[in-house]
>>> print(open('run_24.json').read())   # JSON, C-alpha atoms
[["chain", "number", "residue", "atom", "x", "y", "z"],
["A", 220, "MET", "CA", 42.78, 180.96, 138.10],
["A", 221, "ALA", "CA", 42.97, 179.09, 134.84],
["A", 222, "LEU", "CA", 46.21, 178.78, 132.96],
["A", 223, "THR", "CA", 46.63, 181.87, 130.80],
["A", 224, "SER", "CA", 49.35, 183.01, 128.44],
["A", 225, "LYS", "CA", 50.28, 185.74, 130.89],
["A", 226, "ASN", "CA", 50.84, 183.43, 133.87],
["A", 227, "LEU", "CA", 52.51, 180.66, 131.84],
["A", 228, "ALA", "CA", 54.84, 182.87, 129.79],
["A", 229, "PRO", "CA", 57.45, 183.60, 132.51],
["A", 230, "PHE", "CA", 57.95, 179.88, 133.09],
["A", 231, "ILE", "CA", 57.91, 178.91, 129.42],
["A", 232, "ALA", "CA", 60.33, 181.72, 128.54],
["A", 233, "THR", "CA", 62.65, 180.71, 131.36],
["A", 234, "SER", "CA", 62.48, 177.09, 130.21],
["A", 235, "VAL", "CA", 63.43, 178.15, 126.69],
["A", 236, "ILE", "CA", 66.46, 180.20, 127.74],
["A", 237, "ALA", "CA", 67.38, 178.29, 130.92],
["A", 238, "ASP", "CA", 70.24, 176.33, 129.40],
["A", 239, "GLY", "CA", 71.52, 179.06, 127.11],
["A", 240, "GLY", "CA", 68.87, 178.22, 124.57],
["A", 241, "GLU", "CA", 67.23, 180.48, 122.06],
["A", 242, "TYR", "CA", 63.64, 180.76, 120.96],
["A", 243, "ASP", "CA", 64.37, 178.60, 117.94],
["A", 244, "GLU", "CA", 62.08, 176.56, 115.70],
["A", 245, "ILE", "CA", 62.02, 173.59, 118.09],
["A", 246, "ALA", "CA", 60.95, 175.78, 121.02],
["A", 247, "LYS", "CA", 58.46, 177.69, 118.86],
["A", 248, "SER", "CA", 56.96, 174.42, 117.66],
["A", 249, "CYS", "CA", 56.60, 173.23, 121.25],
["A", 250, "VAL", "CA", 54.95, 176.51, 122.27],
["A", 251, "ALA", "CA", 52.60, 176.32, 119.26],
["A", 252, "GLN", "CA", 51.58, 172.82, 120.28],
["A", 253, "LEU", "CA", 51.01, 173.96, 123.88],
["A", 254, "ALA", "CA", 48.98, 176.93, 122.61],
["A", 255, "THR", "CA", 46.74, 174.58, 120.64],
["A", 256, "GLU", "CA", 46.34, 172.12, 123.53],
["A", 257, "LEU", "CA", 45.57, 174.89, 126.03],
["A", 258, "GLY", "CA", 43.52, 177.08, 123.69],
["A", 259, "LEU", "CA", 45.89, 180.04, 124.09],
["A", 260, "GLY", "CA", 46.20, 181.65, 120.66],
["A", 261, "ASP", "CA", 48.45, 184.46, 121.90],
["A", 262, "LEU", "CA", 50.95, 182.23, 123.71],
["A", 263, "ASP", "CA", 53.75, 182.52, 121.13],
["A", 264, "ALA", "CA", 53.67, 186.33, 121.11],
["A", 265, "VAL", "CA", 53.48, 186.54, 124.90],
["A", 266, "VAL", "CA", 56.42, 184.12, 125.32],
["A", 267, "ALA", "CA", 58.52, 186.06, 122.78],
["A", 268, "GLU", "CA", 57.89, 189.29, 124.71],
["A", 269, "GLU", "CA", 58.62, 187.56, 127.99],
["A", 270, "ILE", "CA", 62.00, 186.35, 126.70],
["A", 271, "LYS", "CA", 62.91, 189.95, 125.84],
["A", 272, "HIS", "CA", 61.83, 191.08, 129.29],
["A", 273, "ILE", "CA", 63.76, 188.35, 131.12],
["A", 274, "ASP", "CA", 66.91, 189.05, 129.10],
["A", 275, "MET", "CA", 66.96, 192.58, 130.56],
["A", 276, "LEU", "CA", 66.81, 191.42, 134.21],
["A", 277, "ASP", "CA", 69.80, 190.87, 136.45],
["A", 278, "ASP", "CA", 69.91, 187.65, 138.50],
["A", 279, "ASP", "CA", 68.29, 189.10, 141.63],
["A", 280, "ALA", "CA", 65.52, 190.84, 139.70],
["A", 281, "PHE", "CA", 64.93, 187.65, 137.71],
["A", 282, "ASP", "CA", 64.63, 185.52, 140.85],
["A", 283, "GLU", "CA", 62.18, 187.98, 142.36],
["A", 284, "TYR", "CA", 60.20, 188.21, 139.12],
["A", 285, "LEU", "CA", 59.81, 184.44, 138.80],
["A", 286, "ALA", "CA", 58.86, 184.08, 142.47],
["A", 287, "THR", "CA", 56.22, 186.79, 142.04],
["A", 288, "SER", "CA", 54.96, 185.08, 138.89],
["A", 289, "ALA", "CA", 54.60, 181.81, 140.82],
["A", 290, "GLU", "CA", 52.26, 183.51, 143.27],
["A", 291, "ASN", "CA", 49.69, 183.88, 140.47],
["A", 292, "ILE", "CA", 49.70, 180.16, 139.64],
["A", 293, "THR", "CA", 47.04, 177.92, 141.14],
["A", 294, "ASP", "CA", 47.75, 174.74, 139.16],
["A", 295, "LYS", "CA", 51.43, 174.54, 139.98],
["A", 296, "GLU", "CA", 51.89, 170.93, 138.85],
["A", 297, "ALA", "CA", 50.43, 171.75, 135.43],
["A", 298, "VAL", "CA", 52.87, 174.64, 135.04],
["A", 299, "LEU", "CA", 55.74, 172.39, 136.12],
["A", 300, "LEU", "CA", 54.70, 169.85, 133.49],
["A", 301, "VAL", "CA", 54.57, 172.60, 130.84],
["A", 302, "CYS", "CA", 58.12, 173.63, 131.84],
["A", 303, "LEU", "CA", 59.26, 170.03, 131.50],
["A", 304, "ASP", "CA", 57.62, 169.76, 128.10],
["A", 305, "VAL", "CA", 59.52, 172.84, 126.91],
["A", 306, "LEU", "CA", 62.81, 171.72, 128.48],
["A", 307, "ALA", "CA", 62.47, 168.37, 126.67],
["A", 308, "SER", "CA", 61.24, 169.79, 123.36],
["A", 309, "ASP", "CA", 64.49, 168.77, 121.65],
["A", 310, "LEU", "CA", 64.12, 165.26, 123.16],
["A", 311, "VAL", "CA", 67.19, 165.82, 125.35],
["A", 312, "ILE", "CA", 67.24, 166.85, 128.99],
["A", 313, "SER", "CA", 70.67, 167.98, 130.07],
["A", 314, "ILE", "CA", 71.86, 167.98, 133.65],
["A", 315, "ASP", "CA", 71.42, 171.78, 133.68],
["A", 316, "GLU", "CA", 67.86, 171.49, 132.38],
["A", 317, "MET", "CA", 67.11, 168.89, 135.04],
["A", 318, "ALA", "CA", 68.45, 171.25, 137.70],
["A", 319, "ASN", "CA", 66.29, 174.04, 136.26],
["A", 320, "TYR", "CA", 63.25, 171.75, 136.38],
["A", 321, "PHE", "CA", 63.76, 171.11, 140.08],
["A", 322, "SER", "CA", 64.36, 174.83, 140.64],
["A", 323, "PHE", "CA", 60.99, 175.50, 138.98],
["A", 324, "ALA", "CA", 59.43, 172.92, 141.31],
["A", 325, "ASP", "CA", 60.90, 174.73, 144.29],
["A", 326, "ILE", "CA", 59.72, 178.13, 143.07],
["A", 327, "LEU", "CA", 56.25, 176.69, 142.43],
["A", 328, "ASP", "CA", 56.25, 175.04, 145.87],
["A", 329, "VAL", "CA", 55.95, 171.52, 144.48],
["A", 330, "SER", "CA", 57.71, 169.03, 146.75],
["A", 331, "GLU", "CA", 60.85, 167.38, 145.45],
["A", 332, "ASP", "CA", 59.19, 163.96, 145.77],
["A", 333, "ARG", "CA", 56.16, 165.07, 143.74],
["A", 334, "ALA", "CA", 58.41, 166.77, 141.16],
["A", 335, "SER", "CA", 60.36, 163.51, 140.84],
["A", 336, "GLU", "CA", 57.12, 161.58, 140.27],
["A", 337, "ILE", "CA", 56.05, 164.04, 137.56],
["A", 338, "PHE", "CA", 59.50, 163.82, 135.97],
["A", 339, "ASN", "CA", 59.56, 160.00, 136.04],
["A", 340, "ASP", "CA", 56.03, 159.75, 134.58],
["A", 341, "PHE", "CA", 57.03, 162.18, 131.81],
["A", 342, "VAL", "CA", 60.17, 160.18, 131.00],
["A", 343, "ASP", "CA", 58.12, 156.97, 130.85],
["A", 344, "GLU", "CA", 55.65, 158.53, 128.40],
["A", 345, "VAL", "CA", 58.05, 160.24, 125.96],
["A", 346, "ASP", "CA", 59.66, 157.98, 123.38],
["A", 347, "ASP", "CA", 63.28, 158.64, 122.40],
["A", 348, "LEU", "CA", 63.92, 161.06, 125.29],
["A", 349, "VAL", "CA", 67.59, 161.23, 126.23],
["A", 350, "ILE", "CA", 68.60, 162.14, 129.76],
["A", 351, "GLU", "CA", 72.18, 163.39, 130.01],
["A", 352, "TYR", "CA", 73.52, 162.64, 133.47],
["A", 353, "GLU", "CA", 76.90, 164.31, 133.03],
["A", 354, "GLU", "CA", 77.78, 167.80, 131.88],
["A", 355, "ASP", "CA", 78.92, 168.14, 128.29],
["A", 356, "GLU", "CA", 82.64, 168.94, 128.34],
["A", 357, "ASN", "CA", 82.53, 171.00, 125.11]]
>>> encode(input="run_24.json", output="C-alpha cells")
Amino acid sequence: MALTSKNLAPFIATSVIADGGEYDEIAKSCVAQLATELGLGDLDAVVAEEIKHIDMLDDDAFDEYLATSAENITDKEAVLLVCLDVLASDLVISIDEMANYFSFADILDVSEDRASEIFNDFVDEVDDLVIEYEEDEN
C-alpha cells in the first residue's frame, strides 16, 4: 500500500501534538511541504481532522488507535522518517520528541538499531538542527 494521507495522518498528527505542540504555522508548513513531496493534496485537511480525533481519545484508546493505524503501513521506515521530519520541523528535537520518535519506531516495528541509523542520517543531513539532551526546566 502506497503512502496515503489517511495512513500517514495518525502519525503526523501525533508528531505534531506529541510534545504538547499545536498545529501551528511551522507544523502546517512542514505538512504542506510533505504534501507536495508525496503528491498528497489533501494531507493538511486530513491531519487537521486527525488532530481533533486524537484529542478526544484517552491514553488507552490512543495507544490502540495508533497500533491499529500501524497495521496499515507497509513502508514503515518512510513513515518513521516523516514523523522525524515533523518532530524536527522547528529545527529542535527535545528529549521528549526523541522519546516519541523511538516510540513510533516501536509501534511501527522498526528495530531500535535501524531507528537509530535513520535518526543519525537525518541529523547529519539537516543543517542547524539542535538536539536537546536534557529536559527544559521551565
>>> atom_distance(input="run_24.json", atom1="CA of Ile312 (chain A)", atom2="CA of Ile350 (chain A)")
5.0 Å
>>> residues_around(input="run_24.json", residues="Asp243 (chain A)", least_positions_apart="2", cutoff="12 Å", atoms="all atoms listed in the file", output="list in words")
Ala232, Val235, Ile236, Gly239, Gly240, Glu241, Ile245, Ala246, Lys247, Ser248, Cys249, Val250, Asp263, Ala267, Ile270, Val305, Ser308 and Asp309 of chain A
>>> residues_around(input="run_24.json", residues="Val301 (chain A)", least_positions_apart="3", cutoff="8 Å", atoms="all atoms listed in the file", output="ChimeraX atom specification")
/A:231,253,297-298,304-305
>>> residues_around(input="run_24.json", residues="Asp282 (chain A)", least_positions_apart="5", cutoff="12 Å", atoms="only C-alpha atoms", output="ChimeraX atom specification")
/A:229-230,233,273,276-277,287-289,322-323,325-326
>>> atom_distance(input="run_24.json", atom1="CA of Leu348 (chain A)", atom2="CA of Asp261 (chain A)")
28.3 Å
>>> atom_distance(input="run_24.json", atom1="CA of Leu262 (chain A)", atom2="CA of Ala228 (chain A)")
7.2 Å
>>> residues_near_point(input="run_24.json", point="(47.4, 186.8, 130.8)", cutoff="10 Å", atoms="all atoms listed in the file", output="compact mmCIF listing (two decimals) with C-alpha atoms, keeping the file's coordinate frame")
# COMPACT_ATOMS: atom_id res chain seq x y z
CA ALA A 221 42.97 179.09 134.84
CA LEU A 222 46.21 178.78 132.96
CA THR A 223 46.63 181.87 130.80
CA SER A 224 49.35 183.01 128.44
CA LYS A 225 50.28 185.74 130.89
CA ASN A 226 50.84 183.43 133.87
CA LEU A 227 52.51 180.66 131.84
CA ALA A 228 54.84 182.87 129.79
CA LEU A 259 45.89 180.04 124.09
CA ASP A 261 48.45 184.46 121.90
CA LEU A 262 50.95 182.23 123.71
CA VAL A 265 53.48 186.54 124.90
>>> closest_residue(input="run_24.json", among="A:Glu316, A:Glu353, A:Asp294, A:Asp343", to="Val329 (chain A)", atoms="all atoms listed in the file")
A:Asp294
>>> residues_near_point(input="run_24.json", point="(73.5, 164.2, 131.9)", cutoff="12 Å", atoms="all atoms listed in the file", output="number ranges by chain")
A: 311-318, 349-356
>>> decode(input="run_24.json", residues="region 239-251 of chain A", atoms="all heavy atoms", output="PDB file, in the first residue's frame")
ATOM      1  N   GLY A 239       3.219  18.378  23.354  1.00  0.00           N
ATOM      2  CA  GLY A 239       2.392  19.498  23.766  1.00  0.00           C
ATOM      3  C   GLY A 239       2.270  20.568  22.701  1.00  0.00           C
ATOM      4  O   GLY A 239       1.837  21.680  22.975  1.00  0.00           O
ATOM      5  N   GLY A 240       2.656  20.210  21.491  1.00  0.00           N
ATOM      6  CA  GLY A 240       2.628  21.175  20.402  1.00  0.00           C
ATOM      7  C   GLY A 240       1.235  21.403  19.849  1.00  0.00           C
ATOM      8  O   GLY A 240       0.293  20.697  20.171  1.00  0.00           O
ATOM      9  N   GLU A 241       1.139  22.409  19.048  1.00  0.00           N
ATOM     10  CA  GLU A 241      -0.106  22.752  18.376  1.00  0.00           C
ATOM     11  C   GLU A 241       0.140  22.700  16.877  1.00  0.00           C
ATOM     12  O   GLU A 241       1.275  22.760  16.418  1.00  0.00           O
ATOM     13  CB  GLU A 241      -0.551  24.155  18.779  1.00  0.00           C
ATOM     14  CG  GLU A 241      -0.886  24.284  20.244  1.00  0.00           C
ATOM     15  CD  GLU A 241      -1.292  25.705  20.611  1.00  0.00           C
ATOM     16  OE1 GLU A 241      -1.599  26.493  19.701  1.00  0.00           O
ATOM     17  OE2 GLU A 241      -1.285  26.005  21.801  1.00  0.00           O
ATOM     18  N   TYR A 242      -0.938  22.644  16.133  1.00  0.00           N
ATOM     19  CA  TYR A 242      -0.825  22.647  14.680  1.00  0.00           C
ATOM     20  C   TYR A 242      -0.636  24.091  14.227  1.00  0.00           C
ATOM     21  O   TYR A 242      -1.516  24.725  13.669  1.00  0.00           O
ATOM     22  CB  TYR A 242      -2.062  21.999  14.063  1.00  0.00           C
ATOM     23  CG  TYR A 242      -1.872  21.567  12.627  1.00  0.00           C
ATOM     24  CD1 TYR A 242      -0.649  21.100  12.165  1.00  0.00           C
ATOM     25  CD2 TYR A 242      -2.928  21.625  11.743  1.00  0.00           C
ATOM     26  CE1 TYR A 242      -0.481  20.705  10.856  1.00  0.00           C
ATOM     27  CE2 TYR A 242      -2.770  21.227  10.421  1.00  0.00           C
ATOM     28  CZ  TYR A 242      -1.545  20.776   9.984  1.00  0.00           C
ATOM     29  OH  TYR A 242      -1.381  20.382   8.683  1.00  0.00           O
ATOM     30  N   ASP A 243       0.573  24.591  14.495  1.00  0.00           N
ATOM     31  CA  ASP A 243       0.905  25.987  14.220  1.00  0.00           C
ATOM     32  C   ASP A 243       1.463  26.144  12.808  1.00  0.00           C
ATOM     33  O   ASP A 243       1.504  25.198  12.022  1.00  0.00           O
ATOM     34  CB  ASP A 243       1.881  26.509  15.278  1.00  0.00           C
ATOM     35  CG  ASP A 243       3.198  25.740  15.317  1.00  0.00           C
ATOM     36  OD1 ASP A 243       3.481  24.932  14.397  1.00  0.00           O
ATOM     37  OD2 ASP A 243       3.965  25.948  16.271  1.00  0.00           O
ATOM     38  N   GLU A 244       1.904  27.337  12.500  1.00  0.00           N
ATOM     39  CA  GLU A 244       2.393  27.638  11.147  1.00  0.00           C
ATOM     40  C   GLU A 244       3.614  26.807  10.773  1.00  0.00           C
ATOM     41  O   GLU A 244       3.774  26.417   9.610  1.00  0.00           O
ATOM     42  CB  GLU A 244       2.682  29.130  11.003  1.00  0.00           C
ATOM     43  CG  GLU A 244       1.439  29.991  11.024  1.00  0.00           C
ATOM     44  CD  GLU A 244       0.382  29.545  10.014  1.00  0.00           C
ATOM     45  OE1 GLU A 244       0.719  29.314   8.836  1.00  0.00           O
ATOM     46  OE2 GLU A 244      -0.788  29.419  10.419  1.00  0.00           O
ATOM     47  N   ILE A 245       4.489  26.538  11.737  1.00  0.00           N
ATOM     48  CA  ILE A 245       5.680  25.723  11.448  1.00  0.00           C
ATOM     49  C   ILE A 245       5.252  24.311  11.065  1.00  0.00           C
ATOM     50  O   ILE A 245       5.706  23.767  10.057  1.00  0.00           O
ATOM     51  CB  ILE A 245       6.645  25.700  12.656  1.00  0.00           C
ATOM     52  CG1 ILE A 245       7.237  27.090  12.886  1.00  0.00           C
ATOM     53  CG2 ILE A 245       7.750  24.671  12.448  1.00  0.00           C
ATOM     54  CD1 ILE A 245       8.040  27.228  14.165  1.00  0.00           C
ATOM     55  N   ALA A 246       4.364  23.721  11.853  1.00  0.00           N
ATOM     56  CA  ALA A 246       3.889  22.368  11.559  1.00  0.00           C
ATOM     57  C   ALA A 246       3.109  22.336  10.247  1.00  0.00           C
ATOM     58  O   ALA A 246       3.278  21.424   9.427  1.00  0.00           O
ATOM     59  CB  ALA A 246       3.033  21.850  12.705  1.00  0.00           C
ATOM     60  N   LYS A 247       2.265  23.344  10.026  1.00  0.00           N
ATOM     61  CA  LYS A 247       1.490  23.401   8.781  1.00  0.00           C
ATOM     62  C   LYS A 247       2.403  23.524   7.569  1.00  0.00           C
ATOM     63  O   LYS A 247       2.149  22.921   6.526  1.00  0.00           O
ATOM     64  CB  LYS A 247       0.492  24.555   8.823  1.00  0.00           C
ATOM     65  CG  LYS A 247      -0.675  24.290   9.750  1.00  0.00           C
ATOM     66  CD  LYS A 247      -1.633  25.452   9.775  1.00  0.00           C
ATOM     67  CE  LYS A 247      -2.779  25.167  10.739  1.00  0.00           C
ATOM     68  NZ  LYS A 247      -3.753  26.252  10.779  1.00  0.00           N
ATOM     69  N   SER A 248       3.460  24.306   7.706  1.00  0.00           N
ATOM     70  CA  SER A 248       4.416  24.461   6.617  1.00  0.00           C
ATOM     71  C   SER A 248       5.111  23.129   6.321  1.00  0.00           C
ATOM     72  O   SER A 248       5.304  22.769   5.154  1.00  0.00           O
ATOM     73  CB  SER A 248       5.443  25.533   6.982  1.00  0.00           C
ATOM     74  OG  SER A 248       6.438  25.624   5.994  1.00  0.00           O
ATOM     75  N   CYS A 249       5.475  22.422   7.359  1.00  0.00           N
ATOM     76  CA  CYS A 249       6.101  21.111   7.196  1.00  0.00           C
ATOM     77  C   CYS A 249       5.150  20.151   6.497  1.00  0.00           C
ATOM     78  O   CYS A 249       5.539  19.439   5.566  1.00  0.00           O
ATOM     79  CB  CYS A 249       6.535  20.560   8.553  1.00  0.00           C
ATOM     80  SG  CYS A 249       7.315  18.933   8.455  1.00  0.00           S
ATOM     81  N   VAL A 250       3.905  20.125   6.932  1.00  0.00           N
ATOM     82  CA  VAL A 250       2.901  19.242   6.327  1.00  0.00           C
ATOM     83  C   VAL A 250       2.667  19.631   4.870  1.00  0.00           C
ATOM     84  O   VAL A 250       2.547  18.758   4.002  1.00  0.00           O
ATOM     85  CB  VAL A 250       1.589  19.248   7.143  1.00  0.00           C
ATOM     86  CG1 VAL A 250       0.473  18.521   6.402  1.00  0.00           C
ATOM     87  CG2 VAL A 250       1.826  18.597   8.512  1.00  0.00           C
ATOM     88  N   ALA A 251       2.636  20.920   4.572  1.00  0.00           N
ATOM     89  CA  ALA A 251       2.454  21.372   3.190  1.00  0.00           C
ATOM     90  C   ALA A 251       3.612  20.908   2.309  1.00  0.00           C
ATOM     91  O   ALA A 251       3.408  20.467   1.173  1.00  0.00           O
ATOM     92  CB  ALA A 251       2.322  22.891   3.144  1.00  0.00           C
TER      93      ALA A 251
END
